[in-house]
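J.: My structure is stored as my_file.cif, with mmCIF, C-alpha atoms.
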data_work
loop_
_atom_site.label_atom_id
_atom_site.label_comp_id
_atom_site.auth_asym_id
_atom_site.auth_seq_id
_atom_site.Cartn_x
_atom_site.Cartn_y
_atom_site.Cartn_z
CA MET A 215 2.33 -2.23 -4.20
CA LYS A 216 2.79 -2.30 -7.96
CA LEU A 217 3.15 0.65 -10.31
CA GLY A 218 3.06 0.35 -14.09
CA VAL A 219 2.25 2.47 -17.12
CA PHE A 220 -0.91 2.82 -19.19
CA LEU A 221 -0.10 3.31 -22.88
CA LEU A 222 -2.78 5.18 -24.82
CA ALA A 223 -0.77 6.19 -27.91
CA ALA A 224 -2.85 9.34 -28.25
CA ARG A 225 -2.35 11.58 -31.26
CA PHE A 226 -2.17 15.19 -30.14
CA PRO A 227 -2.85 18.11 -32.52
CA GLY A 228 0.09 18.59 -34.89
CA GLN A 229 1.36 15.03 -34.41
CA THR A 230 1.30 12.06 -36.75
CA ASP A 231 0.20 8.55 -35.81
CA THR A 232 3.81 7.46 -36.23
CA GLU A 233 4.97 10.02 -33.69
CA ALA A 234 2.25 8.98 -31.24
CA LEU A 235 3.09 5.30 -31.49
CA HIS A 236 6.84 5.77 -31.26
CA ARG A 237 6.36 7.95 -28.17
CA THR A 238 4.41 5.08 -26.62
CA LEU A 239 7.18 2.63 -27.50
CA ASP A 240 9.75 4.93 -25.86
CA VAL A 241 7.62 5.17 -22.72
CA ALA A 242 7.21 1.40 -22.47
CA VAL A 243 10.92 0.72 -22.82
CA ALA A 244 11.70 3.46 -20.29
CA ALA A 245 9.19 1.97 -17.84
CA GLU A 246 11.21 -1.23 -17.77
CA ARG A 247 14.48 0.70 -17.48
CA VAL A 248 13.35 2.62 -14.38
CA GLY A 249 12.00 -0.55 -12.74
CA LEU A 250 8.23 -0.28 -13.06
CA ALA A 251 6.22 -3.48 -12.88
CA ASP A 252 4.16 -3.57 -16.06
CA ALA A 253 2.90 -1.81 -19.18
CA TRP A 254 -0.71 -1.92 -20.40
CA VAL A 255 -1.72 -1.10 -23.97
CA ALA A 256 -5.05 0.52 -24.91
CA GLU A 257 -7.07 -0.29 -28.04
CA HIS A 258 -9.16 2.17 -30.04
CA HIS A 259 -10.51 2.13 -33.58
CA PHE A 260 -10.93 4.91 -36.12
CA MET A 261 -9.96 7.83 -33.85
CA PRO A 262 -6.97 9.90 -32.67
CA TYR A 263 -7.92 9.50 -28.98
CA GLY A 264 -5.73 6.38 -29.15
CA THR A 265 -3.95 5.26 -32.31
CA CYS A 266 -3.41 1.58 -31.47
CA PRO A 267 -6.18 -0.48 -33.13
CA ASP A 268 -4.89 -3.85 -31.87
CA ALA A 269 -3.62 -3.95 -28.31
CA ILE A 270 -2.41 -7.54 -28.55
CA THR A 271 -0.25 -6.78 -31.59
CA LEU A 272 1.43 -3.85 -29.87
CA ALA A 273 1.77 -5.86 -26.66
CA ALA A 274 3.52 -8.60 -28.63
CA HIS A 275 6.00 -6.06 -30.00
CA LEU A 276 6.64 -4.69 -26.51
CA LEU A 277 7.24 -8.17 -25.14
CA GLY A 278 9.96 -8.49 -27.76
CA ARG A 279 11.43 -5.10 -26.83
CA THR A 280 11.57 -5.88 -23.10
CA THR A 281 12.90 -8.66 -20.92
CA ARG A 282 11.39 -8.23 -17.44
CA ILE A 283 8.14 -6.29 -17.20
CA ASP A 284 4.71 -7.77 -17.71
CA VAL A 285 2.79 -6.43 -20.71
CA GLY A 286 -0.99 -6.41 -20.88
CA THR A 287 -3.94 -5.10 -22.86
CA ALA A 288 -6.16 -2.42 -21.35
CA ILE A 289 -8.22 -3.37 -23.10
CA SER A 290 -8.79 -5.79 -25.94
CA VAL A 291 -12.39 -5.18 -27.07
CA LEU A 292 -14.27 -8.44 -26.54
CA THR A 293 -17.44 -7.26 -28.26
CA THR A 294 -15.74 -7.16 -31.67
CA ALA A 295 -13.41 -10.16 -31.25
CA HIS A 296 -14.05 -13.90 -31.27
CA PRO A 297 -13.33 -15.10 -27.72
CA VAL A 298 -11.48 -18.23 -28.87
CA ALA A 299 -9.30 -16.32 -31.34
CA LEU A 300 -8.43 -13.90 -28.54
CA ALA A 301 -7.63 -16.79 -26.21
CA GLU A 302 -5.37 -18.43 -28.79
CA ARG A 303 -3.34 -15.24 -29.20
CA ALA A 304 -3.12 -14.78 -25.44
CA ARG A 305 -1.96 -18.37 -24.90
CA LEU A 306 0.66 -17.95 -27.63
CA LEU A 307 2.06 -14.74 -26.12
CA ASN A 308 2.04 -16.32 -22.68
CA VAL A 309 4.24 -19.19 -23.93
CA VAL A 310 6.75 -17.18 -25.96
CA SER A 311 7.14 -14.46 -23.30
CA ASP A 312 7.69 -16.86 -20.38
CA ASN A 313 4.35 -15.87 -18.83
CA ARG A 314 4.79 -12.08 -19.03
CA PHE A 315 1.58 -11.43 -20.99
CA ARG A 316 -1.60 -10.21 -19.28
CA LEU A 317 -4.99 -9.97 -20.98
CA GLY A 318 -7.45 -7.22 -20.15
CA VAL A 319 -10.82 -7.21 -21.90
CA GLY A 320 -13.96 -5.13 -21.91
CA ARG A 321 -17.13 -4.29 -23.84
CA GLY A 322 -15.72 -1.22 -25.56
CA GLY A 323 -18.40 1.24 -26.65
CA PRO A 324 -21.46 1.46 -28.91
CA TRP A 325 -19.31 2.84 -31.70
CA MET A 326 -18.99 2.18 -35.43
CA ASP A 327 -16.52 -0.61 -34.59
CA LEU A 328 -19.55 -2.87 -34.14
CA GLU A 329 -20.68 -2.30 -37.71
CA VAL A 330 -17.24 -2.53 -39.28
CA PHE A 331 -16.30 -5.80 -37.57
CA GLY A 332 -19.65 -7.53 -38.06
CA SER A 333 -20.79 -7.30 -34.45
CA SER A 334 -24.00 -5.64 -33.26
CA LEU A 335 -25.45 -3.30 -30.69
CA GLU A 336 -27.31 -6.30 -29.25
CA ARG A 337 -24.06 -8.18 -28.68
CA TYR A 338 -22.60 -5.04 -27.09
CA GLN A 339 -25.59 -4.68 -24.76
CA THR A 340 -26.23 -8.30 -23.75
CA GLY A 341 -23.48 -10.57 -25.07
CA MET A 342 -20.70 -9.88 -22.58
CA PRO A 343 -21.44 -12.69 -20.05
CA ALA A 344 -21.46 -15.43 -22.70
CA ALA A 345 -18.37 -14.03 -24.44
CA LEU A 346 -16.45 -13.79 -21.16
CA ASP A 347 -17.42 -17.32 -20.17
CA LEU A 348 -16.22 -18.72 -23.50
CA LEU A 349 -13.00 -16.70 -23.31
CA LEU A 350 -12.22 -17.98 -19.82
CA ARG A 351 -12.85 -21.58 -20.82
CA ALA A 352 -10.63 -21.15 -23.88
CA LEU A 353 -7.86 -19.68 -21.74
CA ARG A 354 -8.00 -22.31 -19.01
CA GLU A 355 -9.13 -25.60 -20.55
CA SER A 356 -7.40 -28.03 -22.87
CA LYS A 357 -10.54 -28.46 -24.98
CA VAL A 358 -13.38 -26.00 -25.53
CA GLU A 359 -16.85 -26.20 -27.05
CA GLY A 360 -18.89 -23.26 -28.36
CA ASN A 361 -22.04 -21.67 -26.97
CA ALA A 362 -25.23 -20.21 -28.43
CA ASP A 363 -23.50 -17.02 -29.56
CA HIS A 364 -20.49 -18.87 -31.00
CA PRO A 365 -21.58 -22.44 -31.85
CA PHE A 366 -18.87 -24.96 -32.77
CA ARG A 367 -17.89 -28.53 -31.96
CA PRO A 368 -15.21 -29.20 -29.27
CA VAL A 369 -11.68 -28.30 -30.32
CA PRO A 370 -8.31 -28.68 -28.54
CA MET A 371 -6.65 -25.47 -27.39
CA VAL A 372 -2.99 -24.98 -28.27
CA PRO A 373 -0.42 -23.95 -27.32
CA THR A 374 -0.52 -24.90 -23.65
CA PRO A 375 1.14 -22.33 -21.35
CA THR A 376 2.94 -23.36 -18.17
CA ALA A 377 0.50 -21.12 -16.25
CA PRO A 378 -2.96 -19.78 -17.15
CA THR A 379 -3.06 -16.32 -18.70
CA THR A 380 -4.05 -13.65 -16.19
CA LEU A 381 -7.32 -11.96 -17.14
CA HIS A 382 -8.72 -8.58 -16.03
CA LEU A 383 -12.16 -7.17 -16.86
CA ALA A 384 -12.68 -3.44 -17.45
CA SER A 385 -15.61 -2.52 -15.22
CA THR A 386 -17.67 0.64 -15.69
CA SER A 387 -21.00 -0.44 -14.17
CA LEU A 388 -22.21 -2.42 -11.17
CA ALA A 389 -23.48 -5.10 -13.54
CA THR A 390 -19.95 -5.59 -14.90
CA VAL A 391 -18.57 -5.62 -11.35
CA GLU A 392 -20.99 -8.44 -10.53
CA LEU A 393 -19.97 -10.32 -13.67
CA ALA A 394 -16.30 -10.00 -12.74
CA ALA A 395 -17.03 -11.19 -9.20
CA ALA A 396 -19.07 -14.16 -10.41
CA GLN A 397 -16.20 -15.29 -12.65
CA GLY A 398 -13.51 -14.51 -10.06
CA VAL A 399 -11.82 -12.10 -12.47
CA PRO A 400 -10.11 -8.95 -11.11
CA MET A 401 -11.28 -5.56 -12.33
CA LEU A 402 -9.52 -2.88 -14.32
CA LEU A 403 -10.87 0.58 -13.42
CA GLY A 404 -10.52 3.70 -15.56
CA MET A 405 -8.99 7.11 -15.04
CA HIS A 406 -12.40 8.85 -15.18
CA MET A 407 -13.36 7.40 -11.77
CA THR A 408 -12.67 9.00 -8.41
CA ASP A 409 -10.96 7.03 -5.66
CA ASP A 410 -14.25 6.83 -3.76
CA GLU A 411 -16.02 5.44 -6.83
CA LYS A 412 -13.29 2.83 -7.23
CA ARG A 413 -13.61 1.90 -3.55
CA ALA A 414 -17.36 1.46 -4.02
CA PHE A 415 -16.69 -0.92 -6.92
CA VAL A 416 -14.17 -2.89 -4.85
CA ASP A 417 -16.65 -3.17 -1.98
CA HIS A 418 -19.44 -4.24 -4.35
CA TYR A 419 -17.12 -6.83 -5.91
CA ARG A 420 -16.49 -8.38 -2.52
CA ALA A 421 -20.18 -8.21 -1.57
CA SER A 422 -20.99 -9.99 -4.84
CA GLY A 423 -18.78 -12.93 -3.92
CA GLY A 424 -15.57 -11.89 -5.64
CA PRO A 425 -12.36 -13.29 -4.14
CA ILE A 426 -10.63 -11.30 -1.42
CA GLY A 427 -7.18 -10.13 -2.50
CA ALA A 428 -8.01 -9.96 -6.22
CA ASP A 429 -5.39 -8.00 -8.18
CA HIS A 430 -7.60 -5.11 -9.25
CA ILE A 431 -5.92 -2.38 -11.28
CA SER A 432 -6.53 1.36 -10.94
CA THR A 433 -5.68 3.68 -13.84
CA VAL A 434 -4.31 7.09 -12.87
CA VAL A 435 -2.88 10.09 -14.70
CA VAL A 436 0.55 11.26 -13.53
CA HIS A 437 2.38 14.34 -14.81
CA ILE A 438 5.38 15.68 -12.91
CA ALA A 439 6.97 19.10 -13.27
CA ASP A 440 8.85 21.45 -10.94
CA SER A 441 5.63 22.72 -9.36
CA ARG A 442 1.91 22.07 -9.30
CA GLU A 443 1.31 25.27 -11.25
CA GLN A 444 3.76 24.30 -14.00
CA ALA A 445 2.41 20.77 -14.26
CA VAL A 446 -1.20 21.95 -14.57
CA ALA A 447 -0.22 24.58 -17.14
CA GLU A 448 1.54 21.96 -19.27
CA VAL A 449 -1.47 19.66 -19.19
CA MET A 450 -4.00 22.41 -19.87
CA ALA A 451 -1.94 23.71 -22.80
CA THR A 452 -2.10 20.38 -24.63
CA ALA A 453 -4.67 17.90 -23.30
CA PRO A 454 -7.82 19.84 -24.35
CA GLY A 455 -6.80 19.69 -28.01
CA TRP A 456 -6.27 15.93 -27.82
CA LEU A 457 -9.56 15.43 -25.99
CA GLU A 458 -11.52 17.64 -28.40
CA GLN A 459 -10.34 15.71 -31.45
CA GLY A 460 -10.61 12.34 -29.76
CA LEU A 461 -14.08 12.76 -28.29
CA ALA A 462 -15.43 14.15 -31.56
CA ALA A 463 -14.28 11.00 -33.38
CA HIS A 464 -16.54 8.70 -31.33
CA VAL A 465 -19.39 7.85 -33.75
CA ARG A 466 -22.26 5.74 -32.39
CA VAL A 467 -23.43 2.80 -34.47
CA ASP A 468 -27.09 3.69 -33.80
CA GLY A 469 -26.71 7.29 -34.91
CA GLY A 470 -27.12 8.70 -31.41
CA PRO A 471 -24.97 11.48 -29.94
CA GLY A 472 -21.37 10.79 -29.00
CA PRO A 473 -19.59 11.87 -25.80
CA SER A 474 -20.71 15.30 -24.59
CA ARG A 475 -17.79 16.16 -22.32
CA ASP A 476 -16.31 19.63 -22.63
CA PRO A 477 -12.61 19.01 -23.41
CA VAL A 478 -11.30 21.93 -21.35
CA ALA A 479 -13.44 21.03 -18.34
CA TYR A 480 -12.46 17.37 -18.65
CA ALA A 481 -8.75 18.22 -18.80
CA ARG A 482 -9.17 20.33 -15.70
CA HIS A 483 -11.06 17.47 -14.04
CA LEU A 484 -8.10 15.15 -14.72
CA CYS A 485 -5.76 17.71 -13.13
CA ASP A 486 -7.95 17.91 -10.04
CA LEU A 487 -8.43 14.17 -9.78
CA HIS A 488 -4.93 12.81 -10.36
CA PRO A 489 -1.28 13.32 -9.34
CA ILE A 490 -0.38 16.40 -11.41
CA GLY A 491 2.36 18.44 -9.76
CA ASP A 492 5.83 18.31 -8.22
CA PRO A 493 7.50 14.96 -7.44
CA ALA A 494 6.80 14.91 -3.71
CA SER A 495 3.13 15.87 -3.99
CA CYS A 496 2.54 13.32 -6.75
CA ALA A 497 4.13 10.61 -4.62
CA ARG A 498 1.87 11.51 -1.70
CA GLN A 499 -1.21 11.53 -3.91
CA LEU A 500 -0.38 8.08 -5.30
CA ARG A 501 -0.23 6.72 -1.75
CA VAL A 502 -3.50 8.41 -0.84
CA SER A 503 -5.16 7.10 -4.01
CA ALA A 504 -4.11 3.52 -3.23
CA ARG A 505 -5.44 3.77 0.32
CA ARG A 506 -8.74 5.42 -0.57
CA SER A 507 -9.51 3.18 -3.53
CA GLY A 508 -8.38 -0.01 -1.83
CA ILE A 509 -6.37 -0.91 -4.94
CA ASP A 510 -2.61 -1.30 -4.61
CA HIS A 511 -1.86 -1.94 -8.30
CA LEU A 512 -1.78 1.35 -10.22
CA ILE A 513 -1.00 2.00 -13.88
CA ALA A 514 -0.08 5.56 -14.84
CA LEU A 515 -0.89 7.45 -18.02
CA VAL A 516 2.23 9.62 -18.28
CA GLU A 517 1.64 10.84 -21.86
CA VAL A 518 -1.09 13.32 -20.95
CA THR A 519 0.72 16.26 -22.62
CA GLY A 520 1.73 14.33 -25.74
CA SER A 521 5.39 15.11 -25.07
CA THR A 522 7.95 12.31 -24.98
CA GLY A 523 10.22 14.50 -22.87
CA HIS A 524 7.52 15.17 -20.29
CA ALA A 525 6.58 11.49 -20.14
CA LEU A 526 10.16 10.35 -19.68
CA ARG A 527 10.75 12.92 -16.95
CA THR A 528 7.68 11.69 -15.08
CA LEU A 529 8.88 8.10 -15.39
CA GLY A 530 12.34 9.09 -14.21
CA GLU A 531 10.93 10.78 -11.11
CA LEU A 532 8.78 7.75 -10.32
CA GLY A 533 11.71 5.41 -10.87
CA ALA A 534 14.02 7.49 -8.66
CA ARG A 535 11.59 7.10 -5.77
CA GLN A 536 10.89 3.41 -6.16
CA ALA A 537 12.01 0.40 -4.21
CA THR A 538 14.14 -2.40 -5.60
CA PRO A 539 12.77 -3.91 -8.87
CA PRO A 540 10.71 -5.70 -10.05
CA GLY A 541 8.12 -3.29 -8.70
CA PRO A 542 8.11 0.06 -6.90
CA ASP A 543 6.80 0.30 -3.36
CA LEU A 544 4.47 3.28 -3.35
CA GLY A 545 4.97 3.48 0.39
CA LYS A 546 8.52 4.66 -0.33
CA LEU A 547 7.57 7.15 -3.02
CA ALA A 548 8.38 10.24 -0.99
#
Is it possible to give me this structure as structure tokens?
T.:
Amino acid sequence: MKLGVFLLAARFPGQTDTEALHRTLDVAVAAERVGLADAWVAEHHFMPYGTCPDAITLAAHLLGRTTRIDVGTAISVLTTAHPVALAERARLLNVVSDNRFRLGVGRGGPWMDLEVFGSSLERYQTGMPAALDLLLRALRESKVEGNADHPFRPVPMVPTPTAPTTLHLASTSLATVELAAAQGVPMLLGMHMTDDEKRAFVDHYRASGGPIGADHISTVVVHIADSREQAVAEVMATAPGWLEQGLAAHVRVDGGPGPSRDPVAYARHLCDLHPIGDPASCARQLRVSARRSGIDHLIALVEVTGSTGHALRTLGELGARQATPPGPDLGKLA
């Protein structure tokens, strides 16, 4: 099994963007130090929910700050990016990092990003299959030609990596699961999903013709303290403020209502859903989550309180219970 970190770079109340981003850098470097397998960078625009607006840029920096772990994007928003430009950057990072870069993509949301970056709600709603197909061809082939959405004459793709860039597709609907299966691309599943929901997606992926043994990734929240009660109290004292500000900043491009989640209830939901507690109980819950979801590659959001100290303690506890690098064996997290 593989365990990595999910880097959101969230700005909590009272923090600056600089503090949020430097906390994320500290967590990524510590993840390599304790022997975790990979680090995955989120991308958000115009909001404090996550302060990294370009996951590939931050991933490139982290590849320069590390020597062993894989670094990926979770996700780069394909709806507002040109697939070939994204492929060029991925191929470049693959070459200069000795194949440590991983590309995760997704639709993103129906937010103001679409207007700012010259995309559209129509492209968000219907353009994903064509964009993904063009991206995959640009990642894998030596020459690529455009399609109806992005028309251009054939061009050579450079640089040429020694191995194709690994691609994951964020999947939040059965239609996206089917798209991932049809293209043979593993899924990246979010922290809002239960283990049973993730298992249902994995089963649907296989039923839709997706390859057996695909390296799907499951995002989890992990916060470790001396006891379950202390861990929950630390999360509930801080996460609702982050969620309230972050959810309120989601502005739809069509003028419709944004997310309606209650931030306190959602923070409590995360505590109930994920490994939040003492070291031993969190280790057990990680094993249970992997078994129930059918996904043995987990990436952990450890910054759920906004505290660098809390995040580093959680990483230290995970690292202390891991197997020999390069990746921890969750079966020995006990």
J.: Hey, can you pull every residue with an atom no more than 12 Å from (-14.4, -34.0, -23.6), using all atoms listed in the file, and send it as a PyMOL selection string?
T.: chain A and resi 355-359+367-370
J.: Go ahead and save the picked residues with C-alpha atoms, as a PDB file, in the coordinates of the input.
T.:
ATOM      1  CA  GLU A 355      -9.130 -25.600 -20.550  1.00  0.00           C
ATOM      2  CA  SER A 356      -7.400 -28.030 -22.870  1.00  0.00           C
ATOM      3  CA  LYS A 357     -10.540 -28.460 -24.980  1.00  0.00           C
ATOM      4  CA  VAL A 358     -13.380 -26.000 -25.530  1.00  0.00           C
ATOM      5  CA  GLU A 359     -16.850 -26.200 -27.050  1.00  0.00           C
ATOM      6  CA  ARG A 367     -17.890 -28.530 -31.960  1.00  0.00           C
ATOM      7  CA  PRO A 368     -15.210 -29.200 -29.270  1.00  0.00           C
ATOM      8  CA  VAL A 369     -11.680 -28.300 -30.320  1.00  0.00           C
ATOM      9  CA  PRO A 370      -8.310 -28.680 -28.540  1.00  0.00           C
TER      10      PRO A 370
END
J.: At what distance in Å, to one decimal, does CA of Ala256 (chain A) lie from CA of Trp325 (chain A)?
T.: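 Between these atoms lies a distance of 16.0 Å.
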J.: Exactly which residues make up the result of the PyMOL selection byres ((chain A and resi 401-409) around 6) on this file, given as a list in words?
T.: His382, Leu383, Ala384, Ser385, Pro400, Asp410, Glu411, Lys412, His430, Ile431, Ser432, Thr433, Val434, Arg506 and Ser507 of chain A
J.: Write out as a list in words each polymer residue whose atoms come within 8 Å of region 258-270 of chain A, counting only C-alpha atoms; drop sequence neighbours fewer than 2 positions from it.
T.: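 Those residues are Leu222, Ala223, Ala224, Arg225, Phe226, Asp231, Ala234, Leu235, Val255, Ala256, Leu272, Ala273, Ala274, Gly286, Thr287, Ala288, Ile289, Ser290, Arg303, Ala304, Asp327, Trp456, Leu457, Gln459, Gly460, Leu461, Ala463 and His464 of chain A.
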J.: What separation in Å, quoted to one decimal, exists between CA of Ala479 (chain A) and CA of Thr232 (chain A)?
T.: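 Between CA of Ala479 (chain A) and CA of Thr232 (chain A) the gap works out to 28.3 Å.
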J.: Take the point (13.3, 0.9, -22.5) in the file's coordinates, draw a sphere of radius 12 Å around it, and report as a VMD selection string every protein, DNA or RNA residue with an atom inside or on it, counting all atoms listed in the file.
T.: chain A and resid 236 to 250 253 276 to 283 526 529 to 530
J.: So, counting only C-alpha atoms, which residue among A:His418, A:Lys216, A:Arg527, A:His364 is closest to Ala396 (chain A)?
T.: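 So, comparing all the options, the nearest one is A:His418.
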J.: On this structure, the PyMOL selection byres ((chain A and resi 339) around 10) would catch which residues? List them as a PyMOL selection string, sorted by chain and number.
T.: chain A and resi 293+321+323-324+334-338+340-342
J.: Closest to Met215 (chain A) among A:Ala504, A:Ala394, A:Ala299, A:Val399, using all atoms listed in the file?
T.: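 Ranked by minimum distance to Met215 (chain A), first place goes to A:Ala504.
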J.: Could you please determine the separation between CA of Pro378 (chain A) and CA of Asp363 (chain A) in Å, to one decimal place?
T.: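 Computing the Euclidean distance for CA of Pro378 (chain A) and CA of Asp363 (chain A) yields 24.2 Å.
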J.: For region 432-440 of chain A, I'd like the enclosing box, axis-aligned and padded by 6 Å on every side, reported as JSON with centre and edge lengths in Å to one decimal.
T.:
{"center_x": 1.2, "center_y": 11.4, "center_z": -12.9, "size_x": 27.4, "size_y": 32.1, "size_z": 15.9}
J.: Can you list, as an MDAnalysis selection string, every protein, DNA or RNA residue that comes within 9 Å of Asn361 (chain A) when you count all atoms listed in the file, leaving out same-chain residues fewer than 4 positions away?
T.: chainID A and resid 344:345 348 365:366
J.: So, with all atoms listed in the file as the atoms that count, which of A:Ala414, A:Leu307, A:Ser333, A:Glu443 lies closest to His275 (chain A)?
T.: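 Of A:Ala414, A:Leu307, A:Ser333, A:Glu443, the one nearest His275 (chain A), counting all atoms listed in the file, is A:Leu307.
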J.: Rank A:Asp440, A:Glu302, A:Asp492, A:Asp476 by their smallest atom-to-atom distance to Leu349 (chain A), using only C-alpha atoms, and report the top residue only.
T.: A:Glu302
J.: Just checking: using all atoms listed in the file, which residue out of A:Gly332, A:Pro375, A:Pro489, A:Gly228 ends up closest to Ala445 (chain A)?
T.: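 Nearest to Ala445 (chain A): A:Pro489.
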J.: Tell me which protein, DNA and RNA residues are within 7 Å of Glu448 (chain A), counting all atoms listed in the file, leaving out same-chain ones fewer than 4 positions away, and put them as number ranges by chain.
T.: A: 444, 452, 519
J.: Could you tell me which of A:Arg316, A:Arg466, A:Arg501, A:Arg354 comes closest to Leu328 (chain A) if we count only C-alpha atoms?
T.: A:Arg466
